[in-house]
file data_14.json (JSON, N, CA and C atoms)
[["chain", "number", "residue", "atom", "x", "y", "z"],
["A", 1, "MET", "N", -190.95, -14.15, -16.51],
["A", 1, "MET", "CA", -191.00, -13.98, -15.08],
["A", 1, "MET", "C", -191.81, -12.75, -14.67],
["A", 2, "PRO", "N", -192.82, -12.42, -15.38],
["A", 2, "PRO", "CA", -193.57, -11.21, -15.03],
["A", 2, "PRO", "C", -194.23, -11.27, -13.66],
["A", 3, "ALA", "N", -194.39, -12.45, -13.09],
["A", 3, "ALA", "CA", -195.03, -12.57, -11.77],
["A", 3, "ALA", "C", -194.15, -12.01, -10.66],
["A", 4, "PHE", "N", -192.86, -11.88, -10.90],
["A", 4, "PHE", "CA", -191.94, -11.40, -9.88],
["A", 4, "PHE", "C", -191.65, -9.92, -10.11],
["A", 5, "SER", "N", -191.85, -9.12, -9.08],
["A", 5, "SER", "CA", -191.70, -7.67, -9.23],
["A", 5, "SER", "C", -190.26, -7.24, -9.49],
["A", 6, "ASP", "N", -189.29, -8.10, -9.19],
["A", 6, "ASP", "CA", -187.89, -7.74, -9.42],
["A", 6, "ASP", "C", -187.26, -8.55, -10.56],
["A", 7, "ALA", "N", -188.09, -9.06, -11.45],
["A", 7, "ALA", "CA", -187.59, -9.90, -12.55],
["A", 7, "ALA", "C", -186.60, -9.16, -13.44],
["A", 8, "GLU", "N", -186.76, -7.86, -13.57],
["A", 8, "GLU", "CA", -185.85, -7.09, -14.42],
["A", 8, "GLU", "C", -184.44, -7.01, -13.84],
["A", 9, "ASP", "N", -184.27, -7.40, -12.57],
["A", 9, "ASP", "CA", -182.96, -7.39, -11.94],
["A", 9, "ASP", "C", -182.14, -8.65, -12.22],
["A", 10, "VAL", "N", -182.74, -9.65, -12.85],
["A", 10, "VAL", "CA", -182.02, -10.87, -13.20],
["A", 10, "VAL", "C", -181.04, -10.53, -14.32],
["A", 11, "SER", "N", -179.80, -10.94, -14.16],
["A", 11, "SER", "CA", -178.78, -10.67, -15.18],
["A", 11, "SER", "C", -179.18, -11.30, -16.51],
["A", 12, "GLU", "N", -178.83, -10.64, -17.58],
["A", 12, "GLU", "CA", -179.20, -11.10, -18.91],
["A", 12, "GLU", "C", -178.72, -12.52, -19.17],
["A", 13, "TRP", "N", -177.50, -12.85, -18.73],
["A", 13, "TRP", "CA", -176.94, -14.17, -18.99],
["A", 13, "TRP", "C", -177.70, -15.27, -18.24],
["A", 14, "ALA", "N", -178.46, -14.90, -17.19],
["A", 14, "ALA", "CA", -179.17, -15.90, -16.38],
["A", 14, "ALA", "C", -180.66, -15.98, -16.69],
["A", 15, "GLU", "N", -181.17, -15.09, -17.52],
["A", 15, "GLU", "CA", -182.60, -15.01, -17.77],
["A", 15, "GLU", "C", -183.21, -16.33, -18.23],
["A", 16, "GLU", "N", -182.59, -16.98, -19.20],
["A", 16, "GLU", "CA", -183.15, -18.22, -19.74],
["A", 16, "GLU", "C", -183.22, -19.32, -18.67],
["A", 17, "ALA", "N", -182.16, -19.47, -17.90],
["A", 17, "ALA", "CA", -182.13, -20.50, -16.86],
["A", 17, "ALA", "C", -183.13, -20.20, -15.74],
["A", 18, "VAL", "N", -183.22, -18.95, -15.36],
["A", 18, "VAL", "CA", -184.17, -18.58, -14.30],
["A", 18, "VAL", "C", -185.59, -18.79, -14.79],
["A", 19, "GLN", "N", -185.87, -18.42, -16.04],
["A", 19, "GLN", "CA", -187.21, -18.62, -16.58],
["A", 19, "GLN", "C", -187.56, -20.10, -16.63],
["A", 20, "TRP", "N", -186.59, -20.93, -17.03],
["A", 20, "TRP", "CA", -186.81, -22.38, -17.05],
["A", 20, "TRP", "C", -187.14, -22.90, -15.65],
["A", 21, "ALA", "N", -186.37, -22.46, -14.65],
["A", 21, "ALA", "CA", -186.60, -22.92, -13.27],
["A", 21, "ALA", "C", -187.96, -22.47, -12.76],
["A", 22, "VAL", "N", -188.39, -21.28, -13.13],
["A", 22, "VAL", "CA", -189.71, -20.80, -12.74],
["A", 22, "VAL", "C", -190.79, -21.63, -13.44],
["A", 23, "ASP", "N", -190.64, -21.85, -14.73],
["A", 23, "ASP", "CA", -191.62, -22.63, -15.51],
["A", 23, "ASP", "C", -191.77, -24.05, -14.98],
["A", 24, "GLU", "N", -190.66, -24.63, -14.51],
["A", 24, "GLU", "CA", -190.68, -26.00, -13.98],
["A", 24, "GLU", "C", -191.18, -26.07, -12.54],
["A", 25, "GLY", "N", -191.38, -24.91, -11.93],
["A", 25, "GLY", "CA", -191.84, -24.89, -10.54],
["A", 25, "GLY", "C", -190.72, -25.09, -9.53],
["A", 26, "ILE", "N", -189.50, -25.06, -10.01],
["A", 26, "ILE", "CA", -188.34, -25.28, -9.15],
["A", 26, "ILE", "C", -188.02, -24.01, -8.37],
["A", 27, "LEU", "N", -188.05, -22.89, -9.05],
["A", 27, "LEU", "CA", -187.80, -21.59, -8.43],
["A", 27, "LEU", "C", -189.14, -20.93, -8.19],
["A", 28, "GLN", "N", -189.49, -20.74, -6.94],
["A", 28, "GLN", "CA", -190.78, -20.16, -6.60],
["A", 28, "GLN", "C", -190.65, -18.77, -6.02],
["A", 29, "GLY", "N", -189.44, -18.31, -5.86],
["A", 29, "GLY", "CA", -189.21, -16.95, -5.40],
["A", 29, "GLY", "C", -189.30, -16.81, -3.89],
["A", 30, "VAL", "N", -188.95, -15.63, -3.43],
["A", 30, "VAL", "CA", -189.01, -15.30, -2.02],
["A", 30, "VAL", "C", -190.41, -14.76, -1.74],
["A", 31, "ASP", "N", -191.13, -15.42, -0.88],
["A", 31, "ASP", "CA", -192.52, -15.07, -0.58],
["A", 31, "ASP", "C", -193.41, -15.08, -1.82],
["A", 32, "GLY", "N", -192.99, -15.81, -2.86],
["A", 32, "GLY", "CA", -193.79, -15.93, -4.07],
["A", 32, "GLY", "C", -193.90, -14.66, -4.89],
["A", 33, "ARG", "N", -193.10, -13.62, -4.55],
["A", 33, "ARG", "CA", -193.22, -12.37, -5.27],
["A", 33, "ARG", "C", -191.89, -11.78, -5.72],
["A", 34, "LEU", "N", -190.77, -12.29, -5.20],
["A", 34, "LEU", "CA", -189.45, -11.77, -5.57],
["A", 34, "LEU", "C", -188.54, -12.90, -6.01],
["A", 35, "VAL", "N", -187.73, -12.64, -7.03],
["A", 35, "VAL", "CA", -186.70, -13.58, -7.43],
["A", 35, "VAL", "C", -185.46, -13.36, -6.56],
["A", 36, "ASP", "N", -185.22, -12.13, -6.19],
["A", 36, "ASP", "CA", -184.08, -11.73, -5.36],
["A", 36, "ASP", "C", -182.76, -12.22, -5.94],
["A", 37, "PRO", "N", -182.47, -11.84, -7.19],
["A", 37, "PRO", "CA", -181.28, -12.36, -7.87],
["A", 37, "PRO", "C", -179.96, -11.91, -7.25],
["A", 38, "ARG", "N", -179.97, -10.88, -6.48],
["A", 38, "ARG", "CA", -178.73, -10.39, -5.86],
["A", 38, "ARG", "C", -178.62, -10.82, -4.39],
["A", 39, "GLY", "N", -179.61, -11.55, -3.92],
["A", 39, "GLY", "CA", -179.61, -12.00, -2.52],
["A", 39, "GLY", "C", -178.90, -13.32, -2.34],
["A", 40, "PHE", "N", -178.88, -13.78, -1.12],
["A", 40, "PHE", "CA", -178.28, -15.06, -0.78],
["A", 40, "PHE", "C", -179.38, -16.01, -0.34],
["A", 41, "ALA", "N", -179.31, -17.26, -0.79],
["A", 41, "ALA", "CA", -180.29, -18.27, -0.38],
["A", 41, "ALA", "C", -179.93, -18.81, 0.99],
["A", 42, "THR", "N", -180.96, -19.02, 1.79],
["A", 42, "THR", "CA", -180.74, -19.68, 3.07],
["A", 42, "THR", "C", -180.54, -21.16, 2.82],
["A", 43, "ARG", "N", -180.10, -21.87, 3.83],
["A", 43, "ARG", "CA", -179.94, -23.32, 3.70],
["A", 43, "ARG", "C", -181.29, -23.97, 3.38],
["A", 44, "ALA", "N", -182.35, -23.50, 4.02],
["A", 44, "ALA", "CA", -183.68, -24.06, 3.79],
["A", 44, "ALA", "C", -184.15, -23.80, 2.36],
["A", 45, "GLN", "N", -183.89, -22.60, 1.85],
["A", 45, "GLN", "CA", -184.27, -22.28, 0.47],
["A", 45, "GLN", "C", -183.51, -23.14, -0.53],
["A", 46, "ALA", "N", -182.22, -23.32, -0.28],
["A", 46, "ALA", "CA", -181.41, -24.15, -1.17],
["A", 46, "ALA", "C", -181.88, -25.61, -1.14],
["A", 47, "ALA", "N", -182.22, -26.10, 0.04],
["A", 47, "ALA", "CA", -182.70, -27.48, 0.16],
["A", 47, "ALA", "C", -184.04, -27.65, -0.56],
["A", 48, "ALA", "N", -184.93, -26.67, -0.42],
["A", 48, "ALA", "CA", -186.23, -26.75, -1.10],
["A", 48, "ALA", "C", -186.04, -26.71, -2.61],
["A", 49, "PHE", "N", -185.15, -25.85, -3.09],
["A", 49, "PHE", "CA", -184.84, -25.76, -4.51],
["A", 49, "PHE", "C", -184.33, -27.09, -5.04],
["A", 50, "MET", "N", -183.38, -27.69, -4.32],
["A", 50, "MET", "CA", -182.81, -28.97, -4.75],
["A", 50, "MET", "C", -183.85, -30.08, -4.72],
["A", 51, "GLN", "N", -184.69, -30.10, -3.70],
["A", 51, "GLN", "CA", -185.73, -31.12, -3.62],
["A", 51, "GLN", "C", -186.69, -31.01, -4.81],
["A", 52, "ARG", "N", -187.12, -29.79, -5.13],
["A", 52, "ARG", "CA", -188.02, -29.60, -6.28],
["A", 52, "ARG", "C", -187.32, -29.96, -7.58],
["A", 53, "PHE", "N", -186.02, -29.66, -7.69],
["A", 53, "PHE", "CA", -185.26, -30.02, -8.88],
["A", 53, "PHE", "C", -185.22, -31.53, -9.06],
["A", 54, "VAL", "N", -184.91, -32.25, -7.99],
["A", 54, "VAL", "CA", -184.83, -33.71, -8.07],
["A", 54, "VAL", "C", -186.18, -34.29, -8.47],
["A", 55, "LYS", "N", -187.25, -33.83, -7.83],
["A", 55, "LYS", "CA", -188.60, -34.34, -8.15],
["A", 55, "LYS", "C", -189.02, -33.98, -9.57],
["A", 56, "SER", "N", -188.75, -32.77, -9.98],
["A", 56, "SER", "CA", -189.22, -32.30, -11.27],
["A", 56, "SER", "C", -188.40, -32.80, -12.45],
["A", 57, "VAL", "N", -187.10, -32.85, -12.28],
["A", 57, "VAL", "CA", -186.22, -33.14, -13.42],
["A", 57, "VAL", "C", -185.61, -34.52, -13.35],
["A", 58, "LEU", "N", -184.89, -34.79, -12.30],
["A", 58, "LEU", "CA", -184.13, -36.04, -12.24],
["A", 58, "LEU", "C", -185.04, -37.27, -12.18],
["A", 59, "LEU", "N", -186.07, -37.24, -11.37],
["A", 59, "LEU", "CA", -186.93, -38.41, -11.25],
["A", 59, "LEU", "C", -187.74, -38.68, -12.52],
["A", 60, "GLN", "N", -188.00, -37.66, -13.33],
["A", 60, "GLN", "CA", -188.71, -37.86, -14.59],
["A", 60, "GLN", "C", -187.90, -38.74, -15.54],
["A", 61, "HIS", "N", -186.59, -38.64, -15.46],
["A", 61, "HIS", "CA", -185.73, -39.40, -16.37],
["A", 61, "HIS", "C", -185.41, -40.79, -15.84],
["A", 62, "VAL", "N", -185.65, -41.01, -14.56],
["A", 62, "VAL", "CA", -185.34, -42.31, -13.95],
["A", 62, "VAL", "C", -186.57, -43.21, -13.98],
["A", 63, "LEU", "N", -187.73, -42.64, -13.70],
["A", 63, "LEU", "CA", -188.95, -43.44, -13.60],
["A", 63, "LEU", "C", -189.68, -43.55, -14.92]]

call {"tool": "encode", "arguments": {"input": "data_14.json", "output": "structure tokens"}}
result
Amino acid sequence: MPAFSDAEDVSEWAEEAVQWAVDEGILQGVDGRLVDPRGFATRAQAAAFMQRFVKSVLLQHVL
């Protein structure tokens, strides 16, 4: 996650999952520059995350 200036703030136990989500394009960060691991997601951010997850992961296994 070197692209995010606050990547070092991600908890150790979450690093692998966060890196996977970034690699898959599911987690794109706040303004494309922060992971904001201690922040709260807005409803719009959560919806966008879920939409990208469904397109990236779930639909690959169905189609």

call {"tool": "closest_residue", "arguments": {"input": "data_14.json", "among": "A:Trp13, A:Ala47, A:Asp6, A:Ser56", "to": "Gly29 (chain A)", "atoms": "only C-alpha atoms"}}
result
A:Asp6

call {"tool": "select_by_dssp", "arguments": {"input": "data_14.json", "residues": "chain A", "states": "helix (DSSP H, G or I)", "output": "PyMOL selection string"}}
result
chain A and resi 7-9+12-23+43-62

call {"tool": "atom_distance", "arguments": {"input": "data_14.json", "atom1": "CA of Phe40 (chain A)", "atom2": "CA of Val54 (chain A)"}}
result
21.1 Å

call {"tool": "axis_aligned_box", "arguments": {"input": "data_14.json", "around": "region 21-33 of chain A", "padding_each_side": "6 Å", "output": "lines of an AutoDock Vina configuration file"}}
result
center_x = -190.1
center_y = -18.9
center_z = -8.0
size_x = 19.5
size_y = 26.3
size_z = 26.9

call {"tool": "atom_distance", "arguments": {"input": "data_14.json", "atom1": "CA of Gln60 (chain A)", "atom2": "CA of Trp20 (chain A)"}}
result
15.8 Å

call {"tool": "residues_around", "arguments": {"input": "data_14.json", "residues": "Arg52 (chain A)", "least_positions_apart": "6", "cutoff": "10 Å", "atoms": "only C-alpha atoms", "output": "PyMOL selection string"}}
result
chain A and resi 21+24-28+46+58

call {"tool": "atom_distance", "arguments": {"input": "data_14.json", "atom1": "atom C of Ser11 (chain A)", "atom2": "CA of Thr42 (chain A)"}}
result
21.4 Å
